[in-house]
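What follows is coords-v7.txt (compact mmCIF, C-alpha atoms and all ligand atoms).
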```txt
# COMPACT_ATOMS: atom_id res chain seq x y z
CA MET A 14 -1.93 7.76 -25.23
CA ASN A 15 -0.28 10.05 -22.63
CA ALA A 16 3.54 10.20 -22.52
CA PRO A 17 4.76 7.48 -20.14
CA GLN A 18 5.87 8.26 -16.63
CA HIS A 19 9.25 6.63 -15.94
CA ILE A 20 9.98 5.52 -12.40
CA VAL A 21 13.52 4.50 -11.46
CA ALA A 22 13.12 2.45 -8.28
CA TYR A 23 16.14 0.88 -6.64
CA CYS A 24 17.79 -0.22 -3.44
CA SER A 25 21.51 0.39 -3.15
CA PRO A 26 23.12 -0.05 0.27
CA ALA A 27 26.66 0.53 -1.06
CA GLY A 28 25.98 2.80 -4.04
CA SER A 29 26.69 0.75 -7.21
CA THR A 30 23.04 0.21 -8.10
CA ALA A 31 22.39 3.90 -7.37
CA GLU A 32 25.17 4.80 -9.85
CA LEU A 33 23.33 2.84 -12.54
CA ALA A 34 19.98 4.33 -11.52
CA GLU A 35 21.57 7.73 -12.08
CA VAL A 36 22.80 6.73 -15.55
CA ILE A 37 19.25 5.64 -16.43
CA GLU A 38 17.72 8.80 -14.99
CA GLN A 39 20.17 11.06 -16.85
CA GLU A 40 19.64 9.28 -20.15
CA LEU A 41 15.87 9.50 -19.76
CA THR A 42 16.01 13.16 -18.74
CA GLY A 43 18.36 13.89 -21.66
CA HIS A 44 15.59 12.57 -23.93
CA LYS A 45 13.02 14.75 -22.20
CA ALA A 46 11.19 11.84 -20.61
CA ALA A 47 9.24 12.38 -17.36
CA VAL A 48 11.22 10.63 -14.59
CA SER A 49 10.78 10.10 -10.86
CA THR A 50 13.08 8.14 -8.60
CA LEU A 51 12.12 5.91 -5.71
CA ASN A 52 14.76 4.84 -3.20
CA LEU A 53 13.63 1.52 -1.73
CA GLY A 54 16.43 1.74 0.83
CA ASN A 55 14.45 4.53 2.44
CA PRO A 56 12.14 2.71 4.87
CA GLY A 57 9.36 5.25 4.10
CA TRP A 58 9.25 4.30 0.39
CA GLU A 59 5.71 2.97 0.40
CA GLY A 60 3.93 6.34 0.70
CA ARG A 61 5.91 7.77 -2.20
CA ALA A 62 5.40 4.59 -4.25
CA ARG A 63 1.64 4.90 -3.79
CA GLU A 64 1.75 8.47 -5.15
CA LEU A 65 3.89 7.50 -8.14
CA ILE A 66 2.17 4.27 -9.11
CA ALA A 67 -1.32 5.68 -9.20
CA PRO A 68 -4.12 3.87 -11.06
CA GLY A 69 -4.26 4.47 -14.81
CA VAL A 70 -0.71 5.89 -15.12
CA ASN A 71 1.10 4.90 -18.31
CA LEU A 72 4.20 3.54 -16.60
CA VAL A 73 7.74 2.42 -17.35
CA LEU A 74 9.29 0.96 -14.20
CA TRP A 75 13.08 0.64 -14.06
CA LEU A 76 13.75 -1.60 -11.07
CA GLY A 77 17.28 -1.99 -9.72
CA SER A 78 18.61 -4.43 -7.14
CA PRO A 79 21.99 -5.67 -5.97
CA VAL A 80 22.31 -9.46 -6.09
CA TYR A 81 22.26 -10.74 -2.50
CA ALA A 82 22.95 -14.45 -1.98
CA LEU A 83 21.97 -14.91 -5.66
CA HIS A 84 18.56 -13.24 -5.24
CA PRO A 85 17.17 -9.68 -5.24
CA VAL A 86 17.83 -7.71 -2.06
CA PRO A 87 15.00 -7.87 0.57
CA PRO A 88 13.60 -4.31 0.02
CA VAL A 89 13.21 -5.07 -3.71
CA GLU A 90 11.47 -8.36 -2.85
CA ALA A 91 9.17 -6.37 -0.53
CA PHE A 92 8.46 -3.83 -3.28
CA LEU A 93 7.63 -6.62 -5.75
CA GLY A 94 5.28 -8.12 -3.16
CA TRP A 95 3.62 -4.73 -2.65
CA LEU A 96 3.36 -3.70 -6.32
CA PRO A 97 -0.31 -3.32 -7.29
CA ASP A 98 -1.53 -4.66 -10.63
CA PRO A 99 -1.20 -1.78 -13.07
CA THR A 100 -4.43 -0.51 -14.57
CA GLY A 101 -2.73 1.46 -17.36
CA ARG A 102 -0.13 0.31 -19.84
CA ALA A 103 2.90 -0.89 -17.86
CA LEU A 104 6.39 -1.72 -19.00
CA ALA A 105 9.31 -2.69 -16.79
CA VAL A 106 13.08 -3.00 -17.08
CA PRO A 107 14.71 -4.89 -14.19
CA PHE A 108 18.43 -4.39 -13.65
CA VAL A 109 20.91 -5.84 -11.17
CA THR A 110 24.45 -5.21 -10.01
CA TRP A 111 26.44 -8.19 -8.79
CA GLY A 112 29.75 -8.37 -6.95
CA SER A 113 31.55 -10.48 -9.54
CA VAL A 114 30.93 -13.79 -7.74
CA THR A 115 27.71 -14.81 -9.51
CA SER A 116 24.74 -12.81 -10.77
CA GLY A 117 22.59 -15.71 -9.55
CA THR A 118 18.93 -15.87 -10.50
CA ALA A 119 18.00 -12.38 -9.26
CA LEU A 120 17.25 -10.86 -12.66
CA TRP A 121 15.14 -13.82 -13.76
CA GLU A 122 13.16 -13.71 -10.49
CA MET A 123 12.55 -9.97 -10.82
CA GLY A 124 11.43 -10.44 -14.43
CA ARG A 125 9.01 -13.22 -13.50
CA ALA A 126 7.58 -11.25 -10.56
CA LEU A 127 7.08 -8.16 -12.75
CA GLU A 128 5.31 -10.22 -15.42
CA ALA A 129 3.14 -11.86 -12.78
CA ASN A 130 2.19 -8.31 -11.69
CA GLY A 131 0.99 -7.44 -15.20
CA PHE A 132 4.11 -5.67 -16.49
CA GLN A 133 5.55 -6.34 -19.92
CA LEU A 134 9.35 -6.48 -19.91
CA ALA A 135 10.92 -3.91 -22.25
CA GLY A 136 14.48 -4.97 -21.42
CA ALA A 137 16.82 -6.01 -18.61
CA ALA A 138 20.45 -5.66 -17.55
CA ALA A 139 22.99 -7.34 -15.25
CA VAL A 140 26.12 -5.32 -14.53
CA PRO A 141 29.25 -6.39 -12.60
CA ALA A 142 30.16 -4.18 -9.63
CA ARG A 143 32.62 -4.02 -6.74
CA HIS A 144 31.65 -6.52 -4.05
CA SER A 145 30.06 -4.52 -1.27
CA SER A 146 31.09 -6.98 1.47
CA LEU A 147 34.74 -6.39 0.64
CA TRP A 148 35.07 -2.64 1.06
CA GLN A 149 38.00 -3.19 3.44
CA SER A 150 39.92 -5.31 0.95
CA GLU A 151 42.81 -3.78 -1.03
CA GLN A 152 41.62 -5.44 -4.23
CA PRO A 153 37.93 -6.28 -3.79
CA LEU A 154 36.19 -8.52 -6.29
CA GLY A 155 34.76 -6.36 -9.05
CA ALA A 156 37.07 -3.42 -8.24
CA GLY A 157 36.49 -0.47 -10.59
CA ARG A 158 33.09 -1.71 -11.80
CA PRO A 159 30.70 -0.49 -12.95
CA ASP A 160 33.10 1.48 -15.13
CA ALA A 161 32.51 4.06 -17.87
CA THR A 162 32.10 1.35 -20.55
CA ASP A 163 29.51 -0.50 -18.43
CA LYS A 164 27.56 2.72 -18.02
CA THR A 165 27.73 3.56 -21.73
CA GLU A 166 26.33 0.10 -22.52
CA LEU A 167 23.49 0.61 -20.06
CA ALA A 168 22.70 4.04 -21.53
CA GLY A 169 22.42 2.28 -24.91
CA LEU A 170 19.72 0.00 -23.47
CA VAL A 171 17.81 3.06 -22.23
CA ARG A 172 17.93 4.56 -25.74
CA ARG A 173 16.68 1.30 -27.28
CA VAL A 174 13.72 1.20 -24.89
CA LEU A 175 12.93 4.87 -25.62
CA SER A 176 13.17 4.32 -29.35
CA GLY A 177 10.78 1.35 -29.07
CA LEU A 178 8.38 3.56 -27.13
CA SER A 179 8.50 6.33 -29.71
CA ASN A 180 7.73 3.76 -32.43
CA GLY A 181 4.59 2.72 -30.60
CA ALA A 182 5.79 -0.16 -28.44
CA PRO A 183 9.15 -1.79 -27.67
CA SER A 184 9.34 -5.35 -29.00
CA GLY A 185 9.82 -6.50 -25.39
CA ILE A 186 11.30 -9.67 -23.95
CA SER A 187 9.98 -12.64 -22.04
CA SER A 188 11.37 -13.39 -18.58
CA GLU A 189 12.40 -16.75 -20.05
CA VAL A 190 15.44 -15.10 -21.67
CA LEU A 191 16.63 -14.09 -18.19
CA ASP A 192 16.99 -17.76 -17.33
CA TYR A 193 20.64 -17.73 -18.48
CA GLN A 194 22.41 -19.53 -15.61
CA PRO A 195 23.71 -23.09 -15.79
CA GLU A 196 21.96 -25.70 -13.62
CA THR A 197 24.80 -25.57 -11.01
CA VAL A 198 24.04 -21.93 -10.23
CA LYS A 199 20.28 -22.46 -10.25
CA GLU A 200 20.73 -25.37 -7.84
CA PHE A 201 22.87 -23.17 -5.55
CA ALA A 202 20.23 -20.42 -5.74
CA ARG A 203 17.52 -22.87 -4.68
CA GLU A 204 19.60 -23.79 -1.62
CA LEU A 205 20.70 -20.30 -0.60
CA ASP A 206 18.85 -17.21 0.53
CA ILE A 207 19.74 -14.20 2.63
CA GLU A 208 18.59 -15.86 5.87
CA LYS A 209 20.98 -18.78 5.27
CA ALA A 210 23.72 -16.40 4.10
CA LYS A 211 23.42 -14.58 7.43
CA GLN A 212 24.76 -17.74 9.08
CA ASN A 213 28.02 -17.30 7.16
CA HIS A 214 28.33 -13.69 8.25
CA PRO A 215 31.24 -13.15 10.66
CA GLY A 216 29.06 -11.01 12.95
CA TYR A 217 29.45 -7.39 13.95
CA ARG A 218 31.82 -6.34 16.70
CA PHE A 219 30.66 -3.37 18.68
CA ASP A 220 32.86 -1.20 20.90
CA GLN A 221 30.75 0.84 23.28
CA ASP A 222 33.75 2.98 24.27
CA LEU A 223 34.15 4.21 20.69
CA CYS A 224 30.45 4.77 19.92
CA THR A 225 29.30 8.40 20.19
CA GLN A 226 25.63 7.50 19.51
CA CYS A 227 25.75 9.78 16.45
CA GLY A 228 23.03 7.73 14.72
CA ILE A 229 24.75 7.48 11.31
CA CYS A 230 24.31 3.69 11.38
CA ARG A 231 20.60 4.01 12.19
CA ASP A 232 19.93 6.79 9.66
CA ASN A 233 21.61 4.95 6.79
CA CYS A 234 20.35 1.43 7.45
CA PRO A 235 18.32 0.46 4.32
CA ALA A 236 16.37 -2.07 6.37
CA GLY A 237 15.43 0.41 9.11
CA ALA A 238 16.80 -2.30 11.40
CA ILE A 239 18.86 -0.20 13.83
CA SER A 240 17.65 1.72 16.85
CA LEU A 241 19.69 3.52 19.52
CA ASP A 242 18.96 2.17 22.98
CA PRO A 243 21.08 4.18 23.87
CA PHE A 244 23.64 2.27 21.77
CA PRO A 245 22.84 0.71 18.37
CA VAL A 246 20.67 -2.40 18.48
CA ARG A 247 19.96 -4.40 15.33
CA ASP A 248 16.65 -6.19 14.77
CA GLU A 249 15.80 -9.23 12.63
CA ASN A 250 15.22 -7.07 9.50
CA CYS A 251 19.00 -6.63 9.14
CA PHE A 252 20.11 -8.19 5.85
CA VAL A 253 23.85 -7.84 6.56
CA CYS A 254 24.57 -5.17 3.94
CA ASN A 255 27.30 -3.85 6.31
CA THR A 256 26.40 -0.20 5.65
CA CYS A 257 26.48 0.45 9.42
CA ALA A 258 30.04 -0.85 9.77
CA SER A 259 31.33 0.79 6.60
CA LEU A 260 29.93 4.22 7.57
CA CYS A 261 30.69 4.27 11.30
CA PRO A 262 33.07 7.25 11.66
CA GLU A 263 34.53 5.93 14.93
CA GLY A 264 35.06 2.31 13.91
CA ALA A 265 32.76 1.34 16.77
CA MET A 266 30.93 -1.13 14.50
CA SER A 267 33.30 -3.42 12.66
CA LEU A 268 33.70 -6.87 11.16
CA ASP A 269 36.45 -9.13 9.96
CA THR A 270 35.74 -10.00 6.33
CA SER A 271 38.94 -11.99 5.65
CA GLY A 272 37.26 -15.42 5.93
CA MET A 273 34.32 -14.25 3.85
CA GLU A 274 36.67 -12.93 1.17
CA LYS A 275 38.37 -16.31 0.88
CA ARG A 276 35.02 -18.06 0.50
CA LEU A 277 33.78 -15.54 -2.09
CA ARG A 278 36.96 -15.89 -4.17
CA GLY A 279 36.44 -19.67 -4.07
CA LEU A 280 32.86 -19.27 -5.31
CA GLN A 281 33.96 -16.92 -8.09
CA GLU A 282 36.49 -19.55 -9.19
CA ARG A 283 33.78 -22.23 -9.04
CA PHE A 284 31.19 -20.37 -11.14
CA ARG A 285 33.55 -18.56 -13.55
CA GLU A 286 30.80 -16.22 -14.71
CA GLU A 287 31.97 -13.83 -17.40
CA GLN A 288 32.49 -10.34 -15.91
CA THR A 289 30.61 -8.59 -18.70
CA VAL A 290 27.46 -6.51 -18.89
CA ARG A 291 24.47 -8.58 -19.98
CA LEU A 292 21.81 -6.59 -21.79
CA PHE A 293 18.42 -7.89 -22.92
CA SER A 294 16.07 -5.96 -25.19
C1 LIG B 1 24.90 -9.92 1.99
C2 LIG B 1 25.46 -9.77 0.60
C3 LIG B 1 25.25 -10.78 -0.33
C4 LIG B 1 25.79 -10.67 -1.63
N1 LIG B 1 25.60 -11.67 -2.52
C5 LIG B 1 26.18 -11.62 -3.74
C6 LIG B 1 26.05 -12.69 -4.68
O1 LIG B 1 25.33 -13.66 -4.47
N2 LIG B 1 26.75 -12.60 -5.84
C7 LIG B 1 27.55 -11.53 -6.14
O2 LIG B 1 28.20 -11.54 -7.20
N3 LIG B 1 27.63 -10.47 -5.30
C8 LIG B 1 26.97 -10.49 -4.12
N4 LIG B 1 27.06 -9.42 -3.26
C9 LIG B 1 27.69 -8.18 -3.73
C10 LIG B 1 26.66 -7.20 -4.28
O3 LIG B 1 25.74 -7.84 -5.14
C11 LIG B 1 27.33 -6.11 -5.13
O4 LIG B 1 28.42 -5.56 -4.49
C12 LIG B 1 26.30 -5.03 -5.49
O5 LIG B 1 26.82 -4.26 -6.53
C13 LIG B 1 26.01 -4.12 -4.32
O6 LIG B 1 25.11 -3.14 -4.75
P1 LIG B 1 25.02 -1.72 -4.04
O7 LIG B 1 26.42 -1.11 -4.17
O8 LIG B 1 24.02 -0.98 -4.83
O9 LIG B 1 24.65 -1.97 -2.63
C14 LIG B 1 26.53 -9.50 -1.98
C15 LIG B 1 26.71 -8.47 -1.04
C16 LIG B 1 26.20 -8.60 0.24
C17 LIG B 1 26.42 -7.48 1.23
```
Exercise: express the given structure as structure tokens:
Amino acid sequence: MNAPQHIVAYCSPAGSTAELAEVIEQELTGHKAAVSTLNLGNPGWEGRARELIAPGVNLVLWLGSPVYALHPVPPVEAFLGWLPDPTGRALAVPFVTWGSVTSGTALWEMGRALEANGFQLAGAAAVPARHSSLWQSEQPLGAGRPDATDKTELAGLVRRVLSGLSNGAPSGISSEVLDYQPETVKEFARELDIEKAKQNHPGYRFDQDLCTQCGICRDNCPAGAISLDPFPVRDENCFVCNTCASLCPEGAMSLDTSGMEKRLRGLQERFREEQTVRLFS
């Protein structure tokens, strides 16, 4: 059989998931594996995905998502909906970063969707990270994560998957093992999704006098939801990642996250999920 083609696909509005994607890519490259990356936060991802996931390719798909309202982020959901049934041998390793409130059911959902698409799971990982809604906070939830130890642990998972591949086939896991949350969290996940979470968002303030129409918000929006008309206008594809506000050099786009921070700290206290890396292989 041909050497597998590794694809590291991810969406990472605030950069933590991209940091882990880079760890995976470097570890794979260090072992002379063939690797391509696919940024699902780039609204033009579909054309590139079609080139990479061509029929008959012997594939290992590393799929990374931040946890958003306990689920995978919308571009990863869209990618999973798009993913064609593989015609060659296909393995997958889903991984998530979560902002230290709860890792929710995102990893389990990604695992199930990948299996339903004909992929065999070779492993999975959930890694704590700084909470991307709290970039303005002095001590955001998950500050300093993912740290060097987290990344070393993840690199170990990559080596285990590679070693399984070189022995013929990794032993693999079932998505059932990703069903690790207590019923309280699963119940919360059934009630919440990003559309409902949007209702708890404090809303963006926009100051026309400060805006220079530079387009940084539009160019970096992972949902492709912003157009300049002539000032930024957001459409319904916005999934409140806050990249626009965090990157605006003039502070023209802003939001008050103090109420949200209080609520998130309350949820962290309620769920008390251990802030450790979970690896499955
Ligand atoms: C709209 C939104 C919803 C989020 N929901 C959760 C959540 O349910 N649980 C959690 O622990 N973190 C949550 N986070 C934090 C992100 O999962 C975390 O910061 C992640 O590492 C961000 O990844 P990125 O840096 O690659 O964008 C949320 C962040 C945003 C912006």
Within 7 Å of ligand LIG 1 (chain B), counting only C-alpha atoms and all ligand atoms: which residues, as a VMD selection string?
-> chain A and resid 24 to 31 78 to 84 110 to 117 141 to 146 207 210 252 to 255
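Considering the residues A:Glu122, A:Asp222, A:Glu59, A:Glu166 and counting only C-alpha atoms, Leu191 of chain A has its shortest atom-to-atom contact with A:Glu122.
Proximity to Thr162 of chain A was assessed for A:Leu175, A:Asp248, A:Ala16, A:Thr289 counting only C-alpha atoms; the smallest distance is recorded for A:Thr289.
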Please put the answer as JSON: centre and edge lengths, in Å with one decimal, of a box along x, y and z that encloses all listed atoms of segment 79-84 of chain A plus 4 Å on each side.
```
{"center_x": 20.8, "center_y": -10.3, "center_z": -4.0, "size_x": 12.4, "size_y": 17.2, "size_z": 12.1}
```
With a distance cut-off of 10 Å and all atoms listed in the file, select the neighbouring residues of segment 61-75 of chain A, excluding the residue or stretch itself and same-chain residues fewer than 6 positions from it, and output the selection as JSON, numbers by chain.
-> {"A": [14, 15, 16, 17, 18, 19, 20, 21, 22, 23, 34, 37, 38, 48, 49, 50, 51, 52, 53, 92, 95, 96, 97, 98, 99, 100, 101, 102, 103, 104, 105, 106, 107, 108, 127, 132, 133, 134, 135, 136, 137, 171, 174, 178]}
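Between atom CA of Pro153 of chain A and atom CA of Lys275 of chain A the interatomic distance comes to 11.1 Å.
As for atom CA of Ala168 of chain A and atom CA of Ala182 of chain A, they are spaced 18.7 Å apart.
Of the residues under consideration (A:Ser179, A:Gln281, A:Ser240, A:Ser259), A:Ser179 shows the shortest atom-to-atom contact distance to Ala46 of chain A when counting all atoms listed in the file.
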Go through A:Gly124, A:Gly155, A:Pro215, A:Pro243 and flag the residue nearest Glu287 of chain A, using only C-alpha atoms for the distances.
-> A:Gly155
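As for atom CA of Pro87 of chain A and atom CA of Leu280 of chain A, they are spaced 22.0 Å apart.
The shortest atom-to-atom distance to Phe219 of chain A, with only C-alpha atoms taken into account, belongs to A:Ser267 out of A:Ser267, A:Gln288, A:Ser187, A:Asn180.
Minimum atom-to-atom distance to Glu282 of chain A, evaluated using all atoms listed in the file, belongs to A:Leu154 out of A:Leu260, A:Leu154, A:Leu33, A:Ala161.
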Tell me which protein, DNA and RNA residues are within 10 Å of Pro245 of chain A, counting all atoms listed in the file, leaving out same-chain ones fewer than 3 positions away, and put them as a PDB file with C-alpha atoms, in the coordinates of the input.
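Now in out-v7.pdb:
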```
ATOM      1  CA  PHE A 219      30.660  -3.370  18.680  1.00  0.00           C
ATOM      2  CA  GLN A 221      30.750   0.840  23.280  1.00  0.00           C
ATOM      3  CA  CYS A 224      30.450   4.770  19.920  1.00  0.00           C
ATOM      4  CA  GLN A 226      25.630   7.500  19.510  1.00  0.00           C
ATOM      5  CA  CYS A 227      25.750   9.780  16.450  1.00  0.00           C
ATOM      6  CA  GLY A 228      23.030   7.730  14.720  1.00  0.00           C
ATOM      7  CA  ILE A 229      24.750   7.480  11.310  1.00  0.00           C
ATOM      8  CA  CYS A 230      24.310   3.690  11.380  1.00  0.00           C
ATOM      9  CA  ARG A 231      20.600   4.010  12.190  1.00  0.00           C
ATOM     10  CA  ALA A 238      16.800  -2.300  11.400  1.00  0.00           C
ATOM     11  CA  ILE A 239      18.860  -0.200  13.830  1.00  0.00           C
ATOM     12  CA  SER A 240      17.650   1.720  16.850  1.00  0.00           C
ATOM     13  CA  LEU A 241      19.690   3.520  19.520  1.00  0.00           C
ATOM     14  CA  ASP A 242      18.960   2.170  22.980  1.00  0.00           C
ATOM     15  CA  ASP A 248      16.650  -6.190  14.770  1.00  0.00           C
ATOM     16  CA  CYS A 257      26.480   0.450   9.420  1.00  0.00           C
ATOM     17  CA  MET A 266      30.930  -1.130  14.500  1.00  0.00           C
TER      18      MET A 266
END
```
Repair of segment 151-183 of chain A at the level of N, CA and C atoms, as a PDB file, in the coordinates of the input:
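What ended up in out22.pdb:
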```pdb
ATOM      1  N   GLU A 151      42.011  -4.644  -0.142  1.00  0.00           N
ATOM      2  CA  GLU A 151      42.810  -3.780  -1.030  1.00  0.00           C
ATOM      3  C   GLU A 151      42.389  -3.950  -2.479  1.00  0.00           C
ATOM      4  N   GLN A 152      42.039  -5.179  -2.847  1.00  0.00           N
ATOM      5  CA  GLN A 152      41.620  -5.440  -4.230  1.00  0.00           C
ATOM      6  C   GLN A 152      40.311  -6.228  -4.200  1.00  0.00           C
ATOM      7  N   PRO A 153      39.195  -5.531  -3.892  1.00  0.00           N
ATOM      8  CA  PRO A 153      37.930  -6.280  -3.790  1.00  0.00           C
ATOM      9  C   PRO A 153      37.505  -6.889  -5.121  1.00  0.00           C
ATOM     10  N   LEU A 154      36.748  -7.946  -5.056  1.00  0.00           N
ATOM     11  CA  LEU A 154      36.190  -8.520  -6.290  1.00  0.00           C
ATOM     12  C   LEU A 154      35.388  -7.417  -6.982  1.00  0.00           C
ATOM     13  N   GLY A 155      35.532  -7.349  -8.290  1.00  0.00           N
ATOM     14  CA  GLY A 155      34.760  -6.360  -9.050  1.00  0.00           C
ATOM     15  C   GLY A 155      35.282  -4.937  -8.913  1.00  0.00           C
ATOM     16  N   ALA A 156      36.526  -4.770  -8.436  1.00  0.00           N
ATOM     17  CA  ALA A 156      37.070  -3.420  -8.240  1.00  0.00           C
ATOM     18  C   ALA A 156      36.965  -2.612  -9.538  1.00  0.00           C
ATOM     19  N   GLY A 157      36.559  -1.377  -9.423  1.00  0.00           N
ATOM     20  CA  GLY A 157      36.490  -0.470 -10.590  1.00  0.00           C
ATOM     21  C   GLY A 157      35.205  -0.589 -11.399  1.00  0.00           C
ATOM     22  N   ARG A 158      34.367  -1.559 -11.074  1.00  0.00           N
ATOM     23  CA  ARG A 158      33.090  -1.710 -11.800  1.00  0.00           C
ATOM     24  C   ARG A 158      31.956  -1.143 -10.942  1.00  0.00           C
ATOM     25  N   PRO A 159      30.904  -0.695 -11.513  1.00  0.00           N
ATOM     26  CA  PRO A 159      30.700  -0.490 -12.950  1.00  0.00           C
ATOM     27  C   PRO A 159      31.586   0.658 -13.440  1.00  0.00           C
ATOM     28  N   ASP A 160      32.212   0.445 -14.607  1.00  0.00           N
ATOM     29  CA  ASP A 160      33.100   1.480 -15.130  1.00  0.00           C
ATOM     30  C   ASP A 160      32.386   2.261 -16.249  1.00  0.00           C
ATOM     31  N   ALA A 161      33.134   3.179 -16.875  1.00  0.00           N
ATOM     32  CA  ALA A 161      32.510   4.060 -17.870  1.00  0.00           C
ATOM     33  C   ALA A 161      31.924   3.251 -19.033  1.00  0.00           C
ATOM     34  N   THR A 162      32.605   2.174 -19.433  1.00  0.00           N
ATOM     35  CA  THR A 162      32.100   1.350 -20.550  1.00  0.00           C
ATOM     36  C   THR A 162      30.785   0.674 -20.153  1.00  0.00           C
ATOM     37  N   ASP A 163      30.745   0.150 -18.921  1.00  0.00           N
ATOM     38  CA  ASP A 163      29.510  -0.500 -18.430  1.00  0.00           C
ATOM     39  C   ASP A 163      28.338   0.487 -18.503  1.00  0.00           C
ATOM     40  N   LYS A 164      28.632   1.717 -18.075  1.00  0.00           N
ATOM     41  CA  LYS A 164      27.560   2.720 -18.020  1.00  0.00           C
ATOM     42  C   LYS A 164      27.118   3.144 -19.424  1.00  0.00           C
ATOM     43  N   THR A 165      28.079   3.215 -20.341  1.00  0.00           N
ATOM     44  CA  THR A 165      27.730   3.560 -21.730  1.00  0.00           C
ATOM     45  C   THR A 165      26.830   2.468 -22.313  1.00  0.00           C
ATOM     46  N   GLU A 166      27.163   1.211 -22.001  1.00  0.00           N
ATOM     47  CA  GLU A 166      26.330   0.100 -22.520  1.00  0.00           C
ATOM     48  C   GLU A 166      24.911   0.192 -21.963  1.00  0.00           C
ATOM     49  N   LEU A 167      24.816   0.505 -20.679  1.00  0.00           N
ATOM     50  CA  LEU A 167      23.490   0.610 -20.060  1.00  0.00           C
ATOM     51  C   LEU A 167      22.694   1.768 -20.675  1.00  0.00           C
ATOM     52  N   ALA A 168      23.384   2.884 -20.913  1.00  0.00           N
ATOM     53  CA  ALA A 168      22.700   4.040 -21.530  1.00  0.00           C
ATOM     54  C   ALA A 168      22.162   3.640 -22.907  1.00  0.00           C
ATOM     55  N   GLY A 169      22.880   2.763 -23.598  1.00  0.00           N
ATOM     56  CA  GLY A 169      22.420   2.280 -24.910  1.00  0.00           C
ATOM     57  C   GLY A 169      21.096   1.513 -24.776  1.00  0.00           C
ATOM     58  N   LEU A 170      20.975   0.730 -23.708  1.00  0.00           N
ATOM     59  CA  LEU A 170      19.720   0.000 -23.470  1.00  0.00           C
ATOM     60  C   LEU A 170      18.569   0.996 -23.253  1.00  0.00           C
ATOM     61  N   VAL A 171      18.851   2.052 -22.493  1.00  0.00           N
ATOM     62  CA  VAL A 171      17.810   3.060 -22.230  1.00  0.00           C
ATOM     63  C   VAL A 171      17.349   3.658 -23.573  1.00  0.00           C
ATOM     64  N   ARG A 172      18.306   3.961 -24.443  1.00  0.00           N
ATOM     65  CA  ARG A 172      17.930   4.560 -25.740  1.00  0.00           C
ATOM     66  C   ARG A 172      17.103   3.582 -26.573  1.00  0.00           C
ATOM     67  N   ARG A 173      17.447   2.291 -26.509  1.00  0.00           N
ATOM     68  CA  ARG A 173      16.680   1.300 -27.280  1.00  0.00           C
ATOM     69  C   ARG A 173      15.235   1.220 -26.783  1.00  0.00           C
ATOM     70  N   VAL A 174      15.082   1.253 -25.453  1.00  0.00           N
ATOM     71  CA  VAL A 174      13.720   1.200 -24.890  1.00  0.00           C
ATOM     72  C   VAL A 174      12.942   2.447 -25.312  1.00  0.00           C
ATOM     73  N   LEU A 175      13.605   3.620 -25.239  1.00  0.00           N
ATOM     74  CA  LEU A 175      12.930   4.870 -25.620  1.00  0.00           C
ATOM     75  C   LEU A 175      12.552   4.853 -27.098  1.00  0.00           C
ATOM     76  N   SER A 176      13.463   4.329 -27.916  1.00  0.00           N
ATOM     77  CA  SER A 176      13.170   4.320 -29.350  1.00  0.00           C
ATOM     78  C   SER A 176      12.002   3.379 -29.644  1.00  0.00           C
ATOM     79  N   GLY A 177      11.934   2.243 -28.923  1.00  0.00           N
ATOM     80  CA  GLY A 177      10.780   1.350 -29.070  1.00  0.00           C
ATOM     81  C   GLY A 177       9.488   2.056 -28.671  1.00  0.00           C
ATOM     82  N   LEU A 178       9.574   2.839 -27.593  1.00  0.00           N
ATOM     83  CA  LEU A 178       8.380   3.560 -27.130  1.00  0.00           C
ATOM     84  C   LEU A 178       7.918   4.586 -28.148  1.00  0.00           C
ATOM     85  N   SER A 179       8.904   5.282 -28.767  1.00  0.00           N
ATOM     86  CA  SER A 179       8.500   6.330 -29.710  1.00  0.00           C
ATOM     87  C   SER A 179       7.964   5.710 -31.007  1.00  0.00           C
ATOM     88  N   ASN A 180       8.297   4.444 -31.253  1.00  0.00           N
ATOM     89  CA  ASN A 180       7.730   3.760 -32.430  1.00  0.00           C
ATOM     90  C   ASN A 180       6.406   3.082 -32.116  1.00  0.00           C
ATOM     91  N   GLY A 181       5.880   3.336 -30.950  1.00  0.00           N
ATOM     92  CA  GLY A 181       4.590   2.720 -30.600  1.00  0.00           C
ATOM     93  C   GLY A 181       4.749   1.810 -29.418  1.00  0.00           C
ATOM     94  N   ALA A 182       5.588   0.772 -29.553  1.00  0.00           N
ATOM     95  CA  ALA A 182       5.790  -0.160 -28.440  1.00  0.00           C
ATOM     96  C   ALA A 182       7.130  -0.865 -28.617  1.00  0.00           C
ATOM     97  N   PRO A 183       7.921  -1.011 -27.538  1.00  0.00           N
ATOM     98  CA  PRO A 183       9.150  -1.790 -27.670  1.00  0.00           C
ATOM     99  C   PRO A 183       8.793  -3.249 -27.945  1.00  0.00           C
TER     100      PRO A 183
END
```
